[in-house]
>>> print(open('my_file01.cif').read())   # mmCIF, C-alpha atoms and all ligand atoms
data_input
loop_
_atom_site.label_atom_id
_atom_site.label_comp_id
_atom_site.auth_asym_id
_atom_site.auth_seq_id
_atom_site.Cartn_x
_atom_site.Cartn_y
_atom_site.Cartn_z
CA ARG S 279 -64.34 164.75 61.52
CA GLU S 280 -65.87 161.61 60.17
CA ASP S 281 -66.52 163.12 56.76
CA SER S 282 -62.95 164.18 56.04
CA LEU S 283 -59.47 162.88 55.34
CA LEU S 284 -56.52 165.02 56.38
CA ALA S 285 -53.22 163.27 55.71
CA GLY S 286 -49.89 163.59 53.97
CA LEU S 287 -46.79 161.86 52.67
CA ILE S 288 -43.40 162.49 54.28
CA GLY S 289 -40.32 161.56 52.26
CA ARG S 290 -37.60 162.87 50.00
CA GLY S 291 -37.95 163.23 46.24
CA ILE S 292 -41.66 162.39 46.35
CA GLN S 293 -42.87 164.71 43.62
CA LEU S 294 -43.74 161.82 41.28
CA SER S 295 -45.35 159.63 43.95
CA ARG S 296 -48.81 158.37 42.99
CA THR S 297 -49.87 157.83 46.61
CA PRO S 298 -51.26 161.36 47.17
CA LEU S 299 -53.53 161.23 44.11
CA MET S 300 -54.75 157.73 44.95
CA GLN S 301 -55.69 158.82 48.49
CA MET S 302 -57.31 162.07 47.38
CA ALA S 303 -59.31 160.56 44.54
CA GLU S 304 -60.61 157.74 46.74
CA ALA S 305 -61.58 160.14 49.53
CA ARG S 306 -63.37 162.46 47.13
CA ALA S 307 -65.18 159.56 45.48
CA GLN S 308 -66.46 158.62 48.94
CA GLY S 309 -67.69 162.17 49.52
CA LEU S 310 -65.05 163.10 52.09
CA PHE S 311 -63.54 166.56 52.43
CA THR S 312 -59.90 165.94 51.63
CA VAL S 313 -56.54 167.50 52.15
CA TYR S 314 -53.56 165.25 51.39
CA LYS S 315 -50.24 167.09 51.48
CA LYS S 316 -46.95 166.13 49.88
CA LEU S 317 -44.54 166.90 52.72
CA ASP S 318 -41.34 166.72 50.69
CA MET S 319 -38.39 167.06 53.05
CA ASP S 320 -36.25 168.05 50.07
CA ALA S 321 -38.36 171.18 49.50
CA PRO S 322 -36.46 174.43 50.26
CA GLU S 323 -39.13 175.55 52.75
CA ARG S 324 -38.40 172.41 54.83
CA ALA S 325 -34.61 172.75 54.75
CA GLU S 326 -34.54 173.29 58.53
CA MET S 327 -37.31 170.79 59.30
CA THR S 328 -36.52 167.51 61.05
CA LEU S 329 -38.65 164.36 60.91
CA PRO S 330 -39.76 164.68 64.57
CA ALA S 331 -40.81 168.31 63.99
CA MET S 332 -42.73 167.35 60.84
CA VAL S 333 -44.60 164.53 62.59
CA ASP S 334 -45.37 166.82 65.58
CA ALA S 335 -46.69 169.50 63.22
CA ALA S 336 -48.94 167.06 61.38
CA GLU S 337 -50.35 165.71 64.63
CA ALA S 338 -50.89 169.19 66.05
CA ALA S 339 -52.68 170.22 62.86
CA GLY S 340 -55.19 167.41 63.41
CA PHE S 341 -54.03 165.03 60.67
CA ASP S 342 -55.69 161.60 60.64
CA GLY S 343 -52.36 160.10 59.67
CA LEU S 344 -49.28 160.06 57.49
CA ASN S 345 -47.71 157.93 54.83
CA ILE S 346 -43.97 157.62 55.29
CA THR S 347 -41.52 156.82 52.55
CA TYR S 348 -37.82 156.87 51.73
CA PRO S 349 -35.68 157.53 53.75
CA PHE S 350 -37.78 157.71 56.93
CA LYS S 351 -39.51 154.32 57.28
CA ILE S 352 -37.15 153.14 60.02
CA GLU S 353 -36.36 156.48 61.68
CA VAL S 354 -40.07 157.20 62.26
CA ILE S 355 -40.43 154.17 64.54
CA GLY S 356 -38.68 156.03 67.38
CA LEU S 357 -41.44 158.66 67.27
CA LEU S 358 -44.39 156.28 67.70
CA ASP S 359 -46.35 154.90 70.68
CA GLU S 360 -47.35 151.57 69.19
CA LEU S 361 -46.58 149.31 66.24
CA SER S 362 -48.79 146.81 64.42
CA ASP S 363 -47.52 143.22 64.37
CA ASN S 364 -46.47 143.57 60.73
CA ALA S 365 -44.59 146.83 61.32
CA ARG S 366 -42.78 145.25 64.25
CA ALA S 367 -41.88 142.14 62.23
CA VAL S 368 -40.56 144.14 59.27
CA GLY S 369 -38.95 146.87 61.36
CA ALA S 370 -40.30 149.61 59.09
CA VAL S 371 -43.39 151.83 59.04
CA ASN S 372 -45.02 153.33 55.96
CA THR S 373 -48.29 154.44 57.57
CA VAL S 374 -48.86 156.32 60.83
CA VAL S 375 -52.33 156.76 62.32
CA PHE S 376 -53.02 159.48 64.91
CA ARG S 377 -55.80 158.35 67.21
CA ASP S 378 -56.79 159.46 70.74
CA GLY S 379 -53.41 161.06 71.35
CA GLN S 380 -51.58 157.91 70.22
CA ARG S 381 -49.33 157.41 67.19
CA ILE S 382 -49.65 153.94 65.74
CA GLY S 383 -47.28 152.64 63.06
CA HIS S 384 -48.28 150.16 60.37
CA ASN S 385 -46.54 148.51 57.44
CA THR S 386 -49.03 148.30 54.59
CA ASP S 387 -46.31 147.37 52.06
CA LEU S 388 -46.42 143.85 53.51
CA TRP S 389 -50.21 143.47 53.20
CA GLY S 390 -50.09 145.34 49.89
CA PHE S 391 -47.80 142.81 48.26
CA ALA S 392 -49.66 139.89 49.84
CA GLU S 393 -53.06 141.11 48.62
CA SER S 394 -51.69 141.83 45.15
CA PHE S 395 -50.23 138.30 45.06
CA ARG S 396 -53.45 136.64 46.31
CA ARG S 397 -55.54 138.45 43.70
CA GLY S 398 -53.10 138.48 40.79
CA LEU S 399 -51.56 135.02 41.14
CA GLU S 400 -54.47 133.09 42.63
CA GLY S 401 -53.76 129.39 42.93
CA ALA S 402 -50.03 129.82 42.26
CA ASP S 403 -47.77 126.99 43.39
CA THR S 404 -46.21 128.24 46.64
CA ARG S 405 -43.95 125.33 47.54
CA HIS S 406 -40.72 127.20 46.79
CA ALA S 407 -40.14 130.83 45.81
CA VAL S 408 -37.00 132.84 45.17
CA LEU S 409 -36.78 136.45 46.32
CA LEU S 410 -34.26 138.72 44.59
CA GLY S 411 -33.33 141.67 46.80
CA ALA S 412 -33.25 141.85 50.60
CA GLY S 413 -33.44 145.63 51.04
CA GLY S 414 -36.24 147.67 52.63
CA ALA S 415 -38.97 146.46 50.28
CA GLY S 416 -37.59 142.91 50.20
CA VAL S 417 -38.12 142.57 53.96
CA ALA S 418 -41.85 143.33 53.59
CA VAL S 419 -42.18 141.12 50.50
CA ALA S 420 -40.46 138.15 52.20
CA HIS S 421 -42.95 138.24 55.09
CA ALA S 422 -45.83 138.70 52.64
CA LEU S 423 -44.74 135.63 50.67
CA ALA S 424 -44.80 133.59 53.88
CA ASP S 425 -48.29 134.95 54.59
CA CYS S 426 -49.35 133.86 51.09
CA GLY S 427 -48.43 130.27 51.91
CA VAL S 428 -44.89 130.06 50.54
CA LYS S 429 -43.43 127.00 52.28
CA ALA S 430 -39.77 127.49 51.29
CA LEU S 431 -38.18 130.84 50.46
CA THR S 432 -34.67 131.30 49.07
CA ILE S 433 -33.27 134.83 49.21
CA PHE S 434 -30.62 136.24 46.87
CA ASP S 435 -28.92 139.61 47.19
CA THR S 436 -25.59 140.86 45.83
CA ASP S 437 -24.99 141.79 49.47
CA ALA S 438 -24.87 138.23 50.85
CA ALA S 439 -25.03 139.36 54.48
CA ARG S 440 -28.38 141.07 53.81
CA ALA S 441 -29.82 137.91 52.30
CA GLU S 442 -28.63 135.90 55.32
CA ALA S 443 -30.06 138.42 57.78
CA LEU S 444 -33.44 138.46 56.04
CA ALA S 445 -33.60 134.66 55.92
CA ALA S 446 -32.99 134.60 59.69
CA LEU S 447 -35.55 137.35 60.33
CA VAL S 448 -38.33 135.63 58.37
CA ALA S 449 -37.51 132.27 59.96
CA GLY S 450 -38.05 133.87 63.38
CA ASN S 451 -41.21 135.80 62.47
CA ARG S 452 -42.86 133.23 60.19
CA PRO S 453 -41.84 129.77 61.42
CA GLY S 454 -44.14 128.08 58.87
CA CYS S 455 -41.81 129.19 56.06
CA LYS S 456 -38.41 127.52 55.62
CA THR S 457 -35.87 130.13 54.60
CA ARG S 458 -32.30 130.20 53.36
CA ALA S 459 -29.97 132.53 51.48
CA THR S 460 -28.09 131.74 48.29
CA THR S 461 -25.17 133.34 46.48
CA ASP S 462 -25.52 131.21 43.34
CA LEU S 463 -28.86 131.28 41.53
CA ALA S 464 -27.79 128.90 38.74
CA ALA S 465 -26.75 126.24 41.24
CA LEU S 466 -29.96 126.74 43.20
CA PHE S 467 -32.16 126.36 40.10
CA ALA S 468 -30.28 123.19 39.09
CA ALA S 469 -30.59 121.59 42.52
CA ASP S 470 -33.98 122.81 43.75
CA ARG S 471 -36.02 124.48 41.06
CA PRO S 472 -38.37 127.17 42.45
CA CYS S 473 -42.04 127.58 41.40
CA GLY S 474 -41.85 131.36 41.39
CA ILE S 475 -39.53 134.38 41.35
CA VAL S 476 -40.03 137.82 42.90
CA ASN S 477 -37.86 140.81 42.11
CA ALA S 478 -37.43 143.29 44.96
CA THR S 479 -34.15 144.75 43.69
CA PRO S 480 -34.18 148.11 41.89
CA MET S 481 -33.07 146.35 38.68
CA GLY S 482 -35.52 147.05 35.88
CA MET S 483 -36.28 150.61 36.91
CA ALA S 484 -36.10 153.11 34.06
CA LYS S 485 -32.80 154.40 35.48
CA LEU S 486 -31.45 150.87 36.17
CA PRO S 487 -32.34 148.72 33.17
CA GLY S 488 -31.71 144.99 33.24
CA MET S 489 -32.62 142.04 35.44
CA ALA S 490 -31.21 140.61 38.67
CA ILE S 491 -31.54 137.08 37.27
CA ASP S 492 -30.24 135.34 34.14
CA ALA S 493 -33.13 135.10 31.65
CA ASP S 494 -32.21 131.47 30.90
CA LEU S 495 -33.29 130.45 34.39
CA ILE S 496 -36.89 131.55 33.81
CA ALA S 497 -39.11 128.65 32.69
CA PRO S 498 -42.70 128.80 31.38
CA ASP S 499 -44.20 126.98 34.38
CA MET S 500 -42.83 129.54 36.87
CA TRP S 501 -44.74 132.58 38.04
CA VAL S 502 -42.81 135.83 38.08
CA ALA S 503 -43.56 138.95 40.15
CA ASP S 504 -41.84 142.31 40.08
CA ILE S 505 -42.32 145.13 42.57
CA VAL S 506 -40.65 147.71 40.34
CA TYR S 507 -43.45 149.65 38.63
CA PHE S 508 -41.66 152.39 36.75
CA PRO S 509 -41.85 151.18 34.05
CA LEU S 510 -44.78 148.85 34.63
CA GLU S 511 -43.47 146.41 32.05
CA THR S 512 -39.96 145.76 33.37
CA GLN S 513 -37.49 143.66 31.43
CA LEU S 514 -38.17 140.82 33.88
CA ILE S 515 -41.94 140.99 33.37
CA SER S 516 -41.68 141.19 29.58
CA THR S 517 -39.14 138.34 29.44
CA ALA S 518 -41.32 136.15 31.66
CA ARG S 519 -44.47 137.07 29.74
CA ALA S 520 -42.77 136.14 26.46
CA ARG S 521 -41.82 132.77 27.99
CA GLY S 522 -45.48 132.14 28.84
CA CYS S 523 -45.11 132.60 32.62
CA ARG S 524 -47.91 133.98 34.80
CA VAL S 525 -46.74 137.46 35.77
CA LEU S 526 -47.53 140.03 38.48
CA PRO S 527 -46.38 143.61 37.87
CA GLY S 528 -45.40 146.01 40.66
CA SER S 529 -48.48 148.23 40.41
CA GLY S 530 -50.49 145.82 42.58
CA MET S 531 -48.31 146.31 45.64
CA ALA S 532 -48.32 150.08 45.15
CA VAL S 533 -52.12 150.18 44.88
CA TYR S 534 -52.88 147.79 47.74
CA GLN S 535 -50.51 149.49 50.19
CA ALA S 536 -52.58 152.61 49.51
CA VAL S 537 -55.88 150.72 49.86
CA ARG S 538 -54.90 149.52 53.33
CA ALA S 539 -53.55 152.93 54.35
CA PHE S 540 -56.85 154.57 53.32
CA GLU S 541 -58.77 152.08 55.44
CA LEU S 542 -56.50 152.76 58.42
CA PHE S 543 -56.81 156.56 58.05
CA THR S 544 -60.59 156.67 57.57
CA GLY S 545 -61.98 153.43 59.01
CA ARG S 546 -63.77 152.98 55.66
CA PRO S 547 -63.15 150.34 53.02
CA ALA S 548 -61.45 151.59 49.86
CA ASP S 549 -62.32 150.53 46.33
CA PRO S 550 -59.16 148.89 44.92
CA ASN S 551 -60.37 149.17 41.31
CA ARG S 552 -60.97 152.89 41.70
CA MET S 553 -57.54 153.38 43.29
CA LYS S 554 -55.95 151.31 40.52
CA ALA S 555 -57.72 153.50 37.94
CA THR S 556 -56.16 156.59 39.56
CA PHE S 557 -52.75 154.90 39.61
CA ASP S 558 -53.10 154.07 35.89
CA VAL S 559 -53.82 157.68 34.91
CA PHE S 560 -50.08 158.41 34.95
P1 LIG S 601 -33.03 149.00 48.79
O1 LIG S 601 -31.96 149.80 48.18
O2 LIG S 601 -33.34 149.11 50.25
O3 LIG S 601 -32.73 147.43 48.52
C1 LIG S 601 -32.39 146.90 47.28
C2 LIG S 601 -31.63 145.60 47.52
O4 LIG S 601 -31.39 144.98 46.25
C3 LIG S 601 -30.26 145.80 48.18
O5 LIG S 601 -30.13 144.92 49.28
C4 LIG S 601 -29.27 145.50 47.06
O6 LIG S 601 -28.07 144.92 47.55
C5 LIG S 601 -30.06 144.51 46.23
N1 LIG S 601 -29.64 144.43 44.83
C6 LIG S 601 -29.41 145.45 43.97
N2 LIG S 601 -29.08 144.98 42.76
C7 LIG S 601 -29.11 143.64 42.85
C8 LIG S 601 -28.88 142.60 41.92
N3 LIG S 601 -28.55 142.85 40.65
N4 LIG S 601 -29.01 141.32 42.35
C9 LIG S 601 -29.34 141.05 43.64
N5 LIG S 601 -29.57 142.00 44.55
C10 LIG S 601 -29.46 143.28 44.17
O7 LIG S 601 -34.33 149.32 47.93
P2 LIG S 601 -35.86 149.00 48.34
O8 LIG S 601 -36.39 150.11 49.14
O9 LIG S 601 -35.91 147.63 48.91
O10 LIG S 601 -36.59 149.05 46.94
C11 LIG S 601 -36.27 148.17 45.86
C12 LIG S 601 -37.15 148.50 44.68
O11 LIG S 601 -38.48 148.14 44.97
C13 LIG S 601 -37.22 150.01 44.38
O12 LIG S 601 -36.31 150.32 43.39
C14 LIG S 601 -38.64 150.25 43.93
O13 LIG S 601 -38.67 150.29 42.51
C15 LIG S 601 -39.38 149.02 44.35
N6 LIG S 601 -40.48 149.26 45.31
C16 LIG S 601 -41.75 149.05 44.88
C17 LIG S 601 -42.81 149.21 45.77
C18 LIG S 601 -44.22 148.98 45.31
O14 LIG S 601 -45.13 149.38 46.02
N7 LIG S 601 -44.45 148.33 44.20
C19 LIG S 601 -42.57 149.60 47.09
C20 LIG S 601 -41.24 149.81 47.49
C21 LIG S 601 -40.20 149.64 46.59
#
>>> encode(input="my_file01.cif", output="structure tokens", more="lines below")
Ligand code: NAD
Amino acid sequence: REDSLLAGLIGRGIQLSRTPLMQMAEARAQGLFTVYKKLDMDAPERAEMTLPAMVDAAEAAGFDGLNITYPFKIEVIGLLDELSDNARAVGAVNTVVFRDGQRIGHNTDLWGFAESFRRGLEGADTRHAVLLGAGGAGVAVAHALADCGVKALTIFDTDAARAEALAALVAGNRPGCKTRATTDLAALFAADRPCGIVNATPMGMAKLPGMAIDADLIAPDMWVADIVYFPLETQLISTARARGCRVLPGSGMAVYQAVRAFELFTGRPADPNRMKATFDVF
């Protein structure tokens, strides 16, 4: 039906996710009949349920699509007919659209970070950025930074092999961006000072306080982005703000990934301000 949204979120431990409310509130505000289900694979009633069975059930029930989160973003790819260019580049899917018997996988985390960056750090110097964290989210963020015009990207991760692998992946997928990995941030900042820093490690989360970078390396003329959004004001964001840096908190990526997913599910534009207002209610 054109006047409805039937979708859901598959993941583990998703009870606090803000995605369902953002999707539902936006759909209702647009006058759509809406069902958006939290399909928590940790729930006792799904103890026997596998990911393939869950995706089959959603498709058979006539869902428009699914959001996919931890730990299924890679596993779901094997269940799909087609991938968007971004999903293929990143190797992870967070949005599935069911259309004409086909299952199409998208990665709206990539566009979500890029759009948040373009809107929240307009005009930022993109000659050289440092990305902290080369895990699942870091892969999407690295590609997004290249799409935002970052000319040189240095990647740091406590797991050096991950940083190396991501540098190679982005170099292949986004040849306009020069990439490298580093194991020594202090040496990097002394030799080739970056214009901006992005945190895609879990450091700064309420349960993992702290920062993945030495505060002394952060200078007032750098922009600083975090993708951690619980809490919204991470130690990195508050340190950078106090230094006078332009900052971008993690809520933007979370909101814009949902904006793009809504558009893919419904074919209708979403109102980012309205979705942000729903996100902020928490
Ligand atoms: P992940 O576990 O896949 O990857 C985290 C990476 O960070 C790992 O490679 C790890 O080695 C590295 N790391 C950890 N501590 C480090 C440190 N001190 N210095 C350098 N590297 C370090 O996790 P993920 O799925 O990539 O998610 C990372 C964080 O991003 C999550 O905790 C979540 O808060 C946030 N996130 C936000 C959004 C959003 O929409 N804003 C979306 C996804 C994830």
>>> residues_around(input="my_file01.cif", residues="Leu299 of chain S", least_positions_apart="6", cutoff="12 Å", atoms="all atoms listed in the file", output="list in words")
Ala285, Gly286, Leu287, Gln293, Ala305, Arg306, Ala307, Thr312, Val313, Tyr314, Lys315, Lys316, Val533, Ala536, Phe540, Arg552, Met553, Lys554, Ala555, Thr556, Phe557, Asp558, Val559 and Phe560 of chain S
>>> write_last_selection(input="my_file01.cif", atoms="C-alpha atoms", output="PDB file, in the coordinates of the input")
ATOM      1  CA  ALA S 285     -53.220 163.270  55.710  1.00  0.00           C
ATOM      2  CA  GLY S 286     -49.890 163.590  53.970  1.00  0.00           C
ATOM      3  CA  LEU S 287     -46.790 161.860  52.670  1.00  0.00           C
ATOM      4  CA  GLN S 293     -42.870 164.710  43.620  1.00  0.00           C
ATOM      5  CA  ALA S 305     -61.580 160.140  49.530  1.00  0.00           C
ATOM      6  CA  ARG S 306     -63.370 162.460  47.130  1.00  0.00           C
ATOM      7  CA  ALA S 307     -65.180 159.560  45.480  1.00  0.00           C
ATOM      8  CA  THR S 312     -59.900 165.940  51.630  1.00  0.00           C
ATOM      9  CA  VAL S 313     -56.540 167.500  52.150  1.00  0.00           C
ATOM     10  CA  TYR S 314     -53.560 165.250  51.390  1.00  0.00           C
ATOM     11  CA  LYS S 315     -50.240 167.090  51.480  1.00  0.00           C
ATOM     12  CA  LYS S 316     -46.950 166.130  49.880  1.00  0.00           C
ATOM     13  CA  VAL S 533     -52.120 150.180  44.880  1.00  0.00           C
ATOM     14  CA  ALA S 536     -52.580 152.610  49.510  1.00  0.00           C
ATOM     15  CA  PHE S 540     -56.850 154.570  53.320  1.00  0.00           C
ATOM     16  CA  ARG S 552     -60.970 152.890  41.700  1.00  0.00           C
ATOM     17  CA  MET S 553     -57.540 153.380  43.290  1.00  0.00           C
ATOM     18  CA  LYS S 554     -55.950 151.310  40.520  1.00  0.00           C
ATOM     19  CA  ALA S 555     -57.720 153.500  37.940  1.00  0.00           C
ATOM     20  CA  THR S 556     -56.160 156.590  39.560  1.00  0.00           C
ATOM     21  CA  PHE S 557     -52.750 154.900  39.610  1.00  0.00           C
ATOM     22  CA  ASP S 558     -53.100 154.070  35.890  1.00  0.00           C
ATOM     23  CA  VAL S 559     -53.820 157.680  34.910  1.00  0.00           C
ATOM     24  CA  PHE S 560     -50.080 158.410  34.950  1.00  0.00           C
TER      25      PHE S 560
END
>>> closest_atom_pairs(input="my_file01.cif", of="chain S", to="ligand LIG 601 (chain S)", cutoff="8 Å", atoms="only C-alpha atoms and all ligand atoms", output="JSON lines")
{"residue": "S:Tyr348", "atom": "CA", "partner": "S:LIG601", "partner_atom": "O8", "distance": 7.4}
{"residue": "S:Asp387", "atom": "CA", "partner": "S:LIG601", "partner_atom": "O14", "distance": 6.5}
{"residue": "S:Gly390", "atom": "CA", "partner": "S:LIG601", "partner_atom": "O14", "distance": 7.5}
{"residue": "S:Phe391", "atom": "CA", "partner": "S:LIG601", "partner_atom": "O14", "distance": 7.4}
{"residue": "S:Leu410", "atom": "CA", "partner": "S:LIG601", "partner_atom": "C9", "distance": 5.5}
{"residue": "S:Gly411", "atom": "CA", "partner": "S:LIG601", "partner_atom": "O4", "distance": 3.9}
{"residue": "S:Ala412", "atom": "CA", "partner": "S:LIG601", "partner_atom": "O5", "distance": 4.6}
{"residue": "S:Gly413", "atom": "CA", "partner": "S:LIG601", "partner_atom": "O3", "distance": 3.2}
{"residue": "S:Gly414", "atom": "CA", "partner": "S:LIG601", "partner_atom": "O9", "distance": 3.7}
{"residue": "S:Ala415", "atom": "CA", "partner": "S:LIG601", "partner_atom": "O9", "distance": 3.6}
{"residue": "S:Gly416", "atom": "CA", "partner": "S:LIG601", "partner_atom": "O9", "distance": 5.2}
{"residue": "S:Val417", "atom": "CA", "partner": "S:LIG601", "partner_atom": "O9", "distance": 7.5}
{"residue": "S:Phe434", "atom": "CA", "partner": "S:LIG601", "partner_atom": "C9", "distance": 5.9}
{"residue": "S:Asp435", "atom": "CA", "partner": "S:LIG601", "partner_atom": "N5", "distance": 3.6}
{"residue": "S:Thr436", "atom": "CA", "partner": "S:LIG601", "partner_atom": "N5", "distance": 4.3}
{"residue": "S:Asp437", "atom": "CA", "partner": "S:LIG601", "partner_atom": "O6", "distance": 4.8}
{"residue": "S:Arg440", "atom": "CA", "partner": "S:LIG601", "partner_atom": "O5", "distance": 6.2}
{"residue": "S:Ala441", "atom": "CA", "partner": "S:LIG601", "partner_atom": "O5", "distance": 7.6}
{"residue": "S:Asn477", "atom": "CA", "partner": "S:LIG601", "partner_atom": "O11", "distance": 7.9}
{"residue": "S:Ala478", "atom": "CA", "partner": "S:LIG601", "partner_atom": "O11", "distance": 5.0}
{"residue": "S:Thr479", "atom": "CA", "partner": "S:LIG601", "partner_atom": "O4", "distance": 3.8}
{"residue": "S:Pro480", "atom": "CA", "partner": "S:LIG601", "partner_atom": "O12", "distance": 3.4}
{"residue": "S:Met481", "atom": "CA", "partner": "S:LIG601", "partner_atom": "N2", "distance": 5.9}
{"residue": "S:Met483", "atom": "CA", "partner": "S:LIG601", "partner_atom": "O13", "distance": 6.1}
{"residue": "S:Met489", "atom": "CA", "partner": "S:LIG601", "partner_atom": "N3", "distance": 6.7}
{"residue": "S:Ala490", "atom": "CA", "partner": "S:LIG601", "partner_atom": "N3", "distance": 4.0}
{"residue": "S:Ile491", "atom": "CA", "partner": "S:LIG601", "partner_atom": "N4", "distance": 7.1}
{"residue": "S:Asp504", "atom": "CA", "partner": "S:LIG601", "partner_atom": "N7", "distance": 7.7}
{"residue": "S:Ile505", "atom": "CA", "partner": "S:LIG601", "partner_atom": "N7", "distance": 4.2}
{"residue": "S:Val506", "atom": "CA", "partner": "S:LIG601", "partner_atom": "O13", "distance": 3.9}
{"residue": "S:Tyr507", "atom": "CA", "partner": "S:LIG601", "partner_atom": "N7", "distance": 5.8}
{"residue": "S:Phe508", "atom": "CA", "partner": "S:LIG601", "partner_atom": "O13", "distance": 6.8}
{"residue": "S:Gly528", "atom": "CA", "partner": "S:LIG601", "partner_atom": "N7", "distance": 4.3}
{"residue": "S:Ser529", "atom": "CA", "partner": "S:LIG601", "partner_atom": "N7", "distance": 5.5}
{"residue": "S:Gly530", "atom": "CA", "partner": "S:LIG601", "partner_atom": "N7", "distance": 6.7}
{"residue": "S:Met531", "atom": "CA", "partner": "S:LIG601", "partner_atom": "O14", "distance": 4.4}
{"residue": "S:Ala532", "atom": "CA", "partner": "S:LIG601", "partner_atom": "O14", "distance": 3.4}
{"residue": "S:Val533", "atom": "CA", "partner": "S:LIG601", "partner_atom": "O14", "distance": 7.1}
{"residue": "S:Gln535", "atom": "CA", "partner": "S:LIG601", "partner_atom": "O14", "distance": 6.8}
>>> atom_distance(input="my_file01.cif", atom1="atom CA of Val448 of chain S", atom2="atom CA of Val368 of chain S")
8.8 Å
>>> closest_residue(input="my_file01.cif", among="S:Cys473, S:Ala539, S:Cys426, S:Leu399", to="Pro527 of chain S", atoms="all atoms listed in the file")
S:Leu399
>>> atom_distance(input="my_file01.cif", atom1="atom CA of Asp462 of chain S", atom2="atom CA of Ala420 of chain S")
18.7 Å
>>> atom_distance(input="my_file01.cif", atom1="atom CA of Leu310 of chain S", atom2="atom CA of Glu280 of chain S")
8.3 Å
>>> residues_near_point(input="my_file01.cif", point="(-38.6, 129.5, 46.8)", cutoff="12 Å", atoms="all atoms listed in the file", output="PyMOL selection string")
chain S and resi 403-410+420+423-424+427-434+445+455-460+463+466-467+470-476+500-502
>>> residues_around(input="my_file01.cif", residues="segment 371-376 of chain S", least_positions_apart="6", cutoff="8 Å", atoms="all atoms listed in the file", output="PyMOL selection string")
chain S and resi 337+341-347+351-352+354-355+365+382-387+539+542-543
>>> closest_residue(input="my_file01.cif", among="S:Glu393, S:Met302, S:His421, S:Ser362", to="Ala446 of chain S", atoms="only C-alpha atoms")
S:His421
>>> closest_residue(input="my_file01.cif", among="S:Gly482, S:Leu495, S:Gly398, S:Val537", to="Gln513 of chain S", atoms="all atoms listed in the file")
S:Gly482
>>> decode(input="my_file01.cif", residues="segment 406-422 of chain S", atoms="C-alpha atoms", output="PDB file, in the first residue's frame")
ATOM      1  CA  HIS S 406      43.645  15.697   5.781  1.00  0.00           C
ATOM      2  CA  ALA S 407      41.482  13.883   8.332  1.00  0.00           C
ATOM      3  CA  VAL S 408      42.263  11.264  10.948  1.00  0.00           C
ATOM      4  CA  LEU S 409      39.815   8.443  11.610  1.00  0.00           C
ATOM      5  CA  LEU S 410      40.005   6.675  14.978  1.00  0.00           C
ATOM      6  CA  GLY S 411      38.503   3.187  14.776  1.00  0.00           C
ATOM      7  CA  ALA S 412      38.348   0.844  11.786  1.00  0.00           C
ATOM      8  CA  GLY S 413      35.507  -1.423  12.934  1.00  0.00           C
ATOM      9  CA  GLY S 414      32.062  -1.844  11.370  1.00  0.00           C
ATOM     10  CA  ALA S 415      31.066   1.811  11.682  1.00  0.00           C
ATOM     11  CA  GLY S 416      34.561   3.039  10.819  1.00  0.00           C
ATOM     12  CA  VAL S 417      34.354   1.371   7.398  1.00  0.00           C
ATOM     13  CA  ALA S 418      31.204   3.359   6.524  1.00  0.00           C
ATOM     14  CA  VAL S 419      32.616   6.582   7.988  1.00  0.00           C
ATOM     15  CA  ALA S 420      35.901   6.255   6.053  1.00  0.00           C
ATOM     16  CA  HIS S 421      34.031   6.002   2.737  1.00  0.00           C
ATOM     17  CA  ALA S 422      31.742   8.862   3.774  1.00  0.00           C
TER      18      ALA S 422
END
